[in-house]
>>> print(open('protein.pdb').read())   # PDB, C-alpha atoms, pLDDT in the B column
ATOM      1  CA  MET A  17      -3.685-192.975 -76.477  1.00 76.00           C
ATOM      2  CA  ASN A  18      -5.956-195.987 -76.317  1.00 89.00           C
ATOM      3  CA  LEU A  19      -4.520-199.255 -74.988  1.00 92.00           C
ATOM      4  CA  SER A  20      -6.170-202.642 -74.836  1.00 95.00           C
ATOM      5  CA  GLU A  21      -4.665-206.005 -73.924  1.00 97.00           C
ATOM      6  CA  LYS A  22      -5.784-209.548 -73.266  1.00 97.00           C
ATOM      7  CA  PHE A  23      -4.262-212.938 -72.452  1.00 97.00           C
ATOM      8  CA  PHE A  24      -5.170-215.988 -74.534  1.00 97.00           C
ATOM      9  CA  ARG A  25      -4.739-219.682 -73.759  1.00 94.00           C
ATOM     10  CA  ARG A  26      -2.604-222.032 -75.805  1.00 92.00           C
ATOM     11  CA  GLU A  27      -5.443-223.437 -77.908  1.00 92.00           C
ATOM     12  CA  ARG A  28      -6.639-223.131 -81.498  1.00 89.00           C
ATOM     13  CA  ARG A  29      -9.709-221.079 -80.686  1.00 95.00           C
ATOM     14  CA  SER A  30      -7.432-218.364 -79.308  1.00 96.00           C
ATOM     15  CA  VAL A  31      -6.551-217.195 -82.822  1.00 96.00           C
ATOM     16  CA  PRO A  32     -10.133-216.271 -83.792  1.00 97.00           C
ATOM     17  CA  ALA A  33     -10.644-214.924 -80.259  1.00 98.00           C
ATOM     18  CA  ALA A  34      -7.598-212.648 -80.689  1.00 98.00           C
ATOM     19  CA  ARG A  35      -8.930-211.532 -84.078  1.00 97.00           C
ATOM     20  CA  ASP A  36     -12.353-210.756 -82.510  1.00 97.00           C
ATOM     21  CA  PHE A  37     -10.644-208.811 -79.731  1.00 98.00           C
ATOM     22  CA  ALA A  38      -8.700-206.800 -82.333  1.00 97.00           C
ATOM     23  CA  HIS A  39     -11.889-206.215 -84.347  1.00 98.00           C
ATOM     24  CA  ALA A  40     -13.571-204.676 -81.291  1.00 96.00           C
ATOM     25  CA  PHE A  41     -10.546-202.396 -80.848  1.00 96.00           C
ATOM     26  CA  LEU A  42     -10.631-201.404 -84.526  1.00 96.00           C
ATOM     27  CA  THR A  43     -14.357-200.690 -84.275  1.00 95.00           C
ATOM     28  CA  ALA A  44     -13.717-198.297 -81.396  1.00 92.00           C
ATOM     29  CA  TRP A  45     -11.160-196.472 -83.563  1.00 90.00           C
ATOM     30  CA  GLY A  46     -13.330-196.388 -86.681  1.00 92.00           C
ATOM     31  CA  LEU A  47     -11.001-198.687 -88.605  1.00 93.00           C
ATOM     32  CA  ALA A  48     -13.170-201.817 -88.742  1.00 94.00           C
ATOM     33  CA  GLY A  49     -14.347-202.520 -92.272  1.00 93.00           C
ATOM     34  CA  THR A  50     -11.478-200.561 -93.855  1.00 94.00           C
ATOM     35  CA  SER A  51      -8.684-202.085 -95.897  1.00 92.00           C
ATOM     36  CA  ARG A  52      -6.249-201.001 -93.182  1.00 93.00           C
ATOM     37  CA  GLY A  53      -8.392-202.701 -90.557  1.00 96.00           C
ATOM     38  CA  ALA A  54      -8.314-205.896 -92.635  1.00 96.00           C
ATOM     39  CA  ASP A  55      -4.505-205.670 -92.724  1.00 96.00           C
ATOM     40  CA  VAL A  56      -4.394-205.386 -88.931  1.00 97.00           C
ATOM     41  CA  LEU A  57      -6.765-208.342 -88.433  1.00 97.00           C
ATOM     42  CA  LEU A  58      -4.755-210.581 -90.755  1.00 96.00           C
ATOM     43  CA  CYS A  59      -1.501-209.641 -89.032  1.00 97.00           C
ATOM     44  CA  VAL A  60      -2.998-210.231 -85.565  1.00 98.00           C
ATOM     45  CA  SER A  61      -4.089-213.684 -86.774  1.00 97.00           C
ATOM     46  CA  GLU A  62      -0.615-214.443 -88.100  1.00 95.00           C
ATOM     47  CA  LEU A  63       1.176-213.217 -84.962  1.00 96.00           C
ATOM     48  CA  ALA A  64      -1.217-215.154 -82.700  1.00 96.00           C
ATOM     49  CA  THR A  65      -0.777-218.304 -84.802  1.00 94.00           C
ATOM     50  CA  ASN A  66       3.010-217.966 -84.675  1.00 92.00           C
ATOM     51  CA  ALA A  67       2.876-217.532 -80.898  1.00 93.00           C
ATOM     52  CA  LEU A  68       0.810-220.706 -80.535  1.00 91.00           C
ATOM     53  CA  VAL A  69       2.846-222.798 -82.952  1.00 89.00           C
ATOM     54  CA  HIS A  70       6.331-221.564 -82.089  1.00 87.00           C
ATOM     55  CA  GLY A  71       6.292-219.549 -78.887  1.00 85.00           C
ATOM     56  CA  VAL A  72       3.911-220.684 -76.181  1.00 85.00           C
ATOM     57  CA  PRO A  73       4.956-223.736 -74.165  1.00 85.00           C
ATOM     58  CA  PRO A  74       2.232-226.027 -72.799  1.00 85.00           C
ATOM     59  CA  GLY A  75       0.387-224.518 -69.872  1.00 85.00           C
ATOM     60  CA  ARG A  76       1.317-220.932 -70.819  1.00 90.00           C
ATOM     61  CA  GLN A  77      -0.550-218.104 -72.535  1.00 94.00           C
ATOM     62  CA  PHE A  78       0.221-215.340 -74.975  1.00 96.00           C
ATOM     63  CA  ARG A  79      -0.761-211.704 -74.607  1.00 97.00           C
ATOM     64  CA  LEU A  80      -2.060-209.407 -77.339  1.00 98.00           C
ATOM     65  CA  VAL A  81      -1.536-205.676 -76.806  1.00 98.00           C
ATOM     66  CA  LEU A  82      -3.091-203.051 -79.085  1.00 98.00           C
ATOM     67  CA  ARG A  83      -2.349-199.312 -78.916  1.00 97.00           C
ATOM     68  CA  CYS A  84      -3.490-196.465 -81.106  1.00 95.00           C
ATOM     69  CA  ASP A  85      -2.668-192.794 -80.845  1.00 92.00           C
ATOM     70  CA  GLY A  86      -4.742-191.745 -83.866  1.00 89.00           C
ATOM     71  CA  ARG A  87      -1.736-191.863 -86.202  1.00 93.00           C
ATOM     72  CA  VAL A  88      -0.193-195.284 -85.593  1.00 96.00           C
ATOM     73  CA  LEU A  89      -1.773-198.535 -84.481  1.00 96.00           C
ATOM     74  CA  HIS A  90       0.703-200.797 -82.702  1.00 97.00           C
ATOM     75  CA  ALA A  91      -0.057-204.520 -82.271  1.00 98.00           C
ATOM     76  CA  GLU A  92       2.188-206.822 -80.300  1.00 97.00           C
ATOM     77  CA  VAL A  93       2.096-210.429 -79.196  1.00 97.00           C
ATOM     78  CA  HIS A  94       4.051-211.465 -76.103  1.00 96.00           C
ATOM     79  CA  ASP A  95       4.975-215.119 -75.679  1.00 94.00           C
ATOM     80  CA  SER A  96       7.327-217.058 -73.456  1.00 91.00           C
ATOM     81  CA  GLY A  97       9.135-218.913 -76.233  1.00 87.00           C
ATOM     82  CA  GLY A  98      12.706-218.332 -77.221  1.00 83.00           C
ATOM     83  CA  GLY A  99      14.250-217.568 -80.560  1.00 80.00           C
ATOM     84  CA  VAL A 100      13.950-214.700 -82.987  1.00 80.00           C
ATOM     85  CA  PRO A 101      11.349-215.213 -85.717  1.00 79.00           C
ATOM     86  CA  ARG A 102      12.237-214.120 -89.223  1.00 73.00           C
ATOM     87  CA  VAL A 103      10.732-214.156 -92.676  1.00 77.00           C
ATOM     88  CA  GLY A 104      11.070-217.657 -94.146  1.00 68.00           C
ATOM     89  CA  ASP A 105      13.362-218.384 -97.062  1.00 63.00           C
ATOM     90  CA  HIS A 106      11.224-218.786-100.173  1.00 59.00           C
ATOM     91  CA  PRO A 107       8.250-220.879 -99.020  1.00 57.00           C
ATOM     92  CA  GLY A 108       7.239-223.282-101.788  1.00 61.00           C
ATOM     93  CA  GLY A 109       4.058-222.834-103.791  1.00 61.00           C
ATOM     94  CA  THR A 110       2.402-225.873-102.206  1.00 58.00           C
ATOM     95  CA  ASP A 111       3.773-225.420 -98.678  1.00 57.00           C
ATOM     96  CA  GLU A 112       1.029-224.813 -96.124  1.00 60.00           C
ATOM     97  CA  GLY A 113       3.217-222.708 -93.855  1.00 62.00           C
ATOM     98  CA  GLY A 114       6.082-220.294 -93.920  1.00 63.00           C
ATOM     99  CA  ARG A 115       4.282-217.165 -95.091  1.00 77.00           C
ATOM    100  CA  GLY A 116       3.014-215.668 -91.820  1.00 86.00           C
ATOM    101  CA  LEU A 117       5.789-213.184 -91.191  1.00 90.00           C
ATOM    102  CA  LEU A 118       6.039-212.485 -94.912  1.00 90.00           C
ATOM    103  CA  LEU A 119       2.408-211.340 -94.738  1.00 92.00           C
ATOM    104  CA  VAL A 120       3.091-209.269 -91.619  1.00 95.00           C
ATOM    105  CA  ALA A 121       6.074-207.647 -93.344  1.00 93.00           C
ATOM    106  CA  ALA A 122       4.001-206.917 -96.453  1.00 94.00           C
ATOM    107  CA  LEU A 123       0.936-205.511 -94.699  1.00 96.00           C
ATOM    108  CA  SER A 124       2.446-203.550 -91.814  1.00 96.00           C
ATOM    109  CA  ASP A 125       4.491-200.385 -92.094  1.00 97.00           C
ATOM    110  CA  LYS A 126       7.160-201.940 -89.916  1.00 96.00           C
ATOM    111  CA  TRP A 127       7.526-204.919 -87.643  1.00 95.00           C
ATOM    112  CA  GLY A 128      10.106-206.404 -85.378  1.00 94.00           C
ATOM    113  CA  VAL A 129      11.017-208.491 -82.376  1.00 93.00           C
ATOM    114  CA  ARG A 130      12.300-207.503 -78.983  1.00 92.00           C
ATOM    115  CA  GLU A 131      13.399-209.646 -76.106  1.00 89.00           C
ATOM    116  CA  ARG A 132      11.666-209.704 -72.759  1.00 88.00           C
ATOM    117  CA  ASP A 133      12.157-211.715 -69.603  1.00 86.00           C
ATOM    118  CA  PHE A 134      11.093-215.272 -70.443  1.00 86.00           C
ATOM    119  CA  GLY A 135      10.379-214.830 -74.107  1.00 91.00           C
ATOM    120  CA  LYS A 136       9.872-212.253 -76.811  1.00 93.00           C
ATOM    121  CA  VAL A 137       7.503-209.663 -78.206  1.00 95.00           C
ATOM    122  CA  VAL A 138       6.694-209.659 -81.924  1.00 95.00           C
ATOM    123  CA  TRP A 139       5.151-206.353 -82.991  1.00 97.00           C
ATOM    124  CA  ALA A 140       3.759-204.626 -86.058  1.00 98.00           C
ATOM    125  CA  GLU A 141       2.826-201.012 -86.691  1.00 97.00           C
ATOM    126  CA  PHE A 142       0.239-199.589 -89.060  1.00 97.00           C
ATOM    127  CA  GLY A 143      -0.332-195.993 -90.080  1.00 95.00           C
ATOM    128  CA  CYS A 144      -4.000-195.329 -89.432  1.00 84.00           C
ATOM    129  CA  GLU A 145      -4.666-191.647 -90.025  1.00 70.00           C
ATOM    130  CA  GLY A 146      -7.984-191.470 -91.822  1.00 56.00           C
ATOM    131  CA  GLY A 147      -8.094-195.270 -92.018  1.00 46.00           C
ATOM    132  CA  GLY A 148      -5.834-195.249 -95.080  1.00 40.00           C
ATOM    133  CA  ALA A 149      -3.227-197.905 -95.699  1.00 38.00           C
ATOM    134  CA  SER A 150       0.369-196.841 -95.847  1.00 39.00           C
ATOM    135  CA  GLY A 151       1.931-200.322 -96.068  1.00 39.00           C
ATOM    136  CA  LEU A 152       2.177-202.466 -99.201  1.00 37.00           C
ATOM    137  CA  GLY A 153      -1.430-203.608 -98.790  1.00 39.00           C
ATOM    138  CA  LEU A 154      -3.338-206.610-100.040  1.00 38.00           C
ATOM    139  CA  GLY A 155      -2.049-206.245-103.594  1.00 37.00           C
ATOM    140  CA  ALA A 156       1.349-207.397-102.387  1.00 37.00           C
ATOM    141  CA  VAL A 157      -0.232-210.373-100.651  1.00 38.00           C
ATOM    142  CA  HIS A 158      -1.745-211.560-103.922  1.00 36.00           C
ATOM    143  CA  GLU A 159       1.811-211.682-105.297  1.00 38.00           C
ATOM    144  CA  LEU A 160       2.577-214.386-102.739  1.00 37.00           C
ATOM    145  CA  ARG A 161       0.558-216.920-104.715  1.00 33.00           C
ATOM    146  CA  GLY A 162       3.235-217.320-107.350  1.00 35.00           C
ATOM    147  CA  GLU A 163       6.749-218.444-106.484  1.00 33.00           C
ATOM    148  CA  GLN A 164       8.318-215.658-108.529  1.00 31.00           C
ATOM    149  CA  GLY A 165       6.105-213.056-106.775  1.00 32.00           C
ATOM    150  CA  SER A 166       7.085-214.496-103.421  1.00 31.00           C
ATOM    151  CA  VAL A 167      10.771-214.179-104.164  1.00 28.00           C
ATOM    152  CA  GLY A 168      10.330-210.656-105.517  1.00 30.00           C
ATOM    153  CA  LEU A 169       8.371-209.565-102.470  1.00 35.00           C
ATOM    154  CA  GLU A 170      10.909-211.058-100.104  1.00 32.00           C
ATOM    155  CA  ASP A 171      13.703-209.282-101.979  1.00 32.00           C
ATOM    156  CA  GLN A 172      11.711-206.057-101.810  1.00 33.00           C
ATOM    157  CA  LEU A 173      11.319-206.426 -98.047  1.00 38.00           C
ATOM    158  CA  ARG A 174      14.906-207.442 -97.323  1.00 33.00           C
ATOM    159  CA  GLY A 175      16.537-204.787 -95.186  1.00 32.00           C
ATOM    160  CA  GLU A 176      13.188-203.257 -94.234  1.00 34.00           C
ATOM    161  CA  LEU A 177      12.608-205.620 -91.324  1.00 34.00           C
ATOM    162  CA  VAL A 178      13.665-204.209 -88.001  1.00 35.00           C
ATOM    163  CA  HIS A 179      14.564-205.665 -84.655  1.00 36.00           C
ATOM    164  CA  GLY A 180      14.338-203.537 -81.570  1.00 36.00           C
ATOM    165  CA  ASP A 181      12.186-201.034 -79.796  1.00 36.00           C
ATOM    166  CA  PRO A 182       9.036-200.012 -81.725  1.00 38.00           C
ATOM    167  CA  SER A 183       9.620-196.384 -80.740  1.00 38.00           C
ATOM    168  CA  GLY A 184      12.513-196.349 -83.200  1.00 35.00           C
ATOM    169  CA  ASP A 185      15.269-196.370 -80.578  1.00 34.00           C
ATOM    170  CA  GLN A 186      17.885-199.106 -80.730  1.00 32.00           C
ATOM    171  CA  VAL A 187      16.655-200.553 -84.017  1.00 33.00           C
ATOM    172  CA  GLU A 188      18.781-203.030 -85.917  1.00 34.00           C
ATOM    173  CA  SER A 189      18.227-205.113 -89.011  1.00 30.00           C
ATOM    174  CA  LEU A 190      17.010-208.697 -88.719  1.00 33.00           C
ATOM    175  CA  GLN A 191      19.034-209.663 -91.785  1.00 30.00           C
TER     176      GLN A 191
END
>>> encode(input="protein.pdb", output="structure tokens")
Amino acid sequence: MNLSEKFFRRERRSVPAARDFAHAFLTAWGLAGTSRGADVLLCVSELATNALVHGVPPGRQFRLVLRCDGRVLHAEVHDSGGGVPRVGDHPGGTDEGGRGLLLVAALSDKWGVRERDFGKVVWAEFGCEGGGASGLGLGAVHELRGEQGSVGLEDQLRGELVHGDPSGDQVESLQ
């Protein structure tokens, strides 16, 4: 199993830096430039953005951890903020926010949140055998542009979101 992790400061340039870090990891695993690799990069960007906006208090950092065993790529963002993030309720068509976790839910095979001392870990998993996508993929993301597509996708994902250990133990619904 390959493991890579890095801490990032609470600043805007940390999001592209986290994405670059993930791209280097994907390159090492032969997933860079694939549609599945693009899914991972977008989700890393969303999780890093959520950590900065909602989870990292001033003067603190967030940590990105990436693991791949050749079958599953696991990405997680650790932050020191409280609360349990969840998919937003029907973000409006002109709203600039509220779709980050909806994208993560659509593009990853599963995602969730687990508590840790002084904060939380938000994680996403991606099947990566042969670089093929096994999640909903970018087609589902294009549905987010229309309000009706957004509602349909959220309804489709309801009940699929998990909260707990990414190994599958002690998993419970976020709904």
>>> resolve_selection(input="protein.pdb", expression="the PyMOL selection byres ((chain A and resi 27) around 12)", output="ChimeraX atom specification")
/A:23-26,28-34,64-65,67-69,72-78
>>> closest_residue(input="protein.pdb", among="A:Asp95, A:Glu145, A:Asp133, A:Asp36", to="A:Leu58", atoms="all atoms listed in the file")
A:Asp36
>>> closest_residue(input="protein.pdb", among="A:Gly143, A:Glu21, A:Arg132, A:Ala44", to="A:Leu80", atoms="all atoms listed in the file")
A:Glu21
>>> closest_residue(input="protein.pdb", among="A:Leu119, A:Leu47, A:Leu63, A:Val129", to="A:Arg87", atoms="all atoms listed in the file")
A:Leu47
>>> atom_distance(input="protein.pdb", atom1="atom CA of A:Val103", atom2="atom CA of A:Arg52")
21.5 Å
>>> closest_residue(input="protein.pdb", among="A:Gly135, A:His39, A:Val81, A:Trp127", to="A:Ala54", atoms="all atoms listed in the file")
A:His39
>>> closest_residue(input="protein.pdb", among="A:Leu123, A:Pro101, A:His94, A:Ser61", to="A:Val137", atoms="only C-alpha atoms")
A:His94
>>> resolve_selection(input="protein.pdb", expression="the PyMOL selection byres ((chain A and resi 84) around 9)", output="short mmCIF file (atom, residue, chain, number, x, y, z; two decimals) with C-alpha atoms, in the frame of the given file")
data_model
loop_
_atom_site.label_atom_id
_atom_site.label_comp_id
_atom_site.auth_asym_id
_atom_site.auth_seq_id
_atom_site.Cartn_x
_atom_site.Cartn_y
_atom_site.Cartn_z
CA MET A 17 -3.68 -192.98 -76.48
CA ASN A 18 -5.96 -195.99 -76.32
CA LEU A 19 -4.52 -199.26 -74.99
CA TRP A 45 -11.16 -196.47 -83.56
CA LEU A 82 -3.09 -203.05 -79.08
CA ARG A 83 -2.35 -199.31 -78.92
CA ASP A 85 -2.67 -192.79 -80.84
CA GLY A 86 -4.74 -191.74 -83.87
CA ARG A 87 -1.74 -191.86 -86.20
CA VAL A 88 -0.19 -195.28 -85.59
CA LEU A 89 -1.77 -198.54 -84.48
CA HIS A 90 0.70 -200.80 -82.70
CA ALA A 91 -0.06 -204.52 -82.27
CA CYS A 144 -4.00 -195.33 -89.43
#
>>> closest_residue(input="protein.pdb", among="A:Leu42, A:Val60, A:Ala140, A:Val93", to="A:Asp125", atoms="all atoms listed in the file")
A:Ala140
>>> atom_distance(input="protein.pdb", atom1="atom CA of A:Asp55", atom2="atom CA of A:Ala122")
9.4 Å
>>> atom_distance(input="protein.pdb", atom1="atom CA of A:Ala38", atom2="atom CA of A:Leu57")
6.6 Å
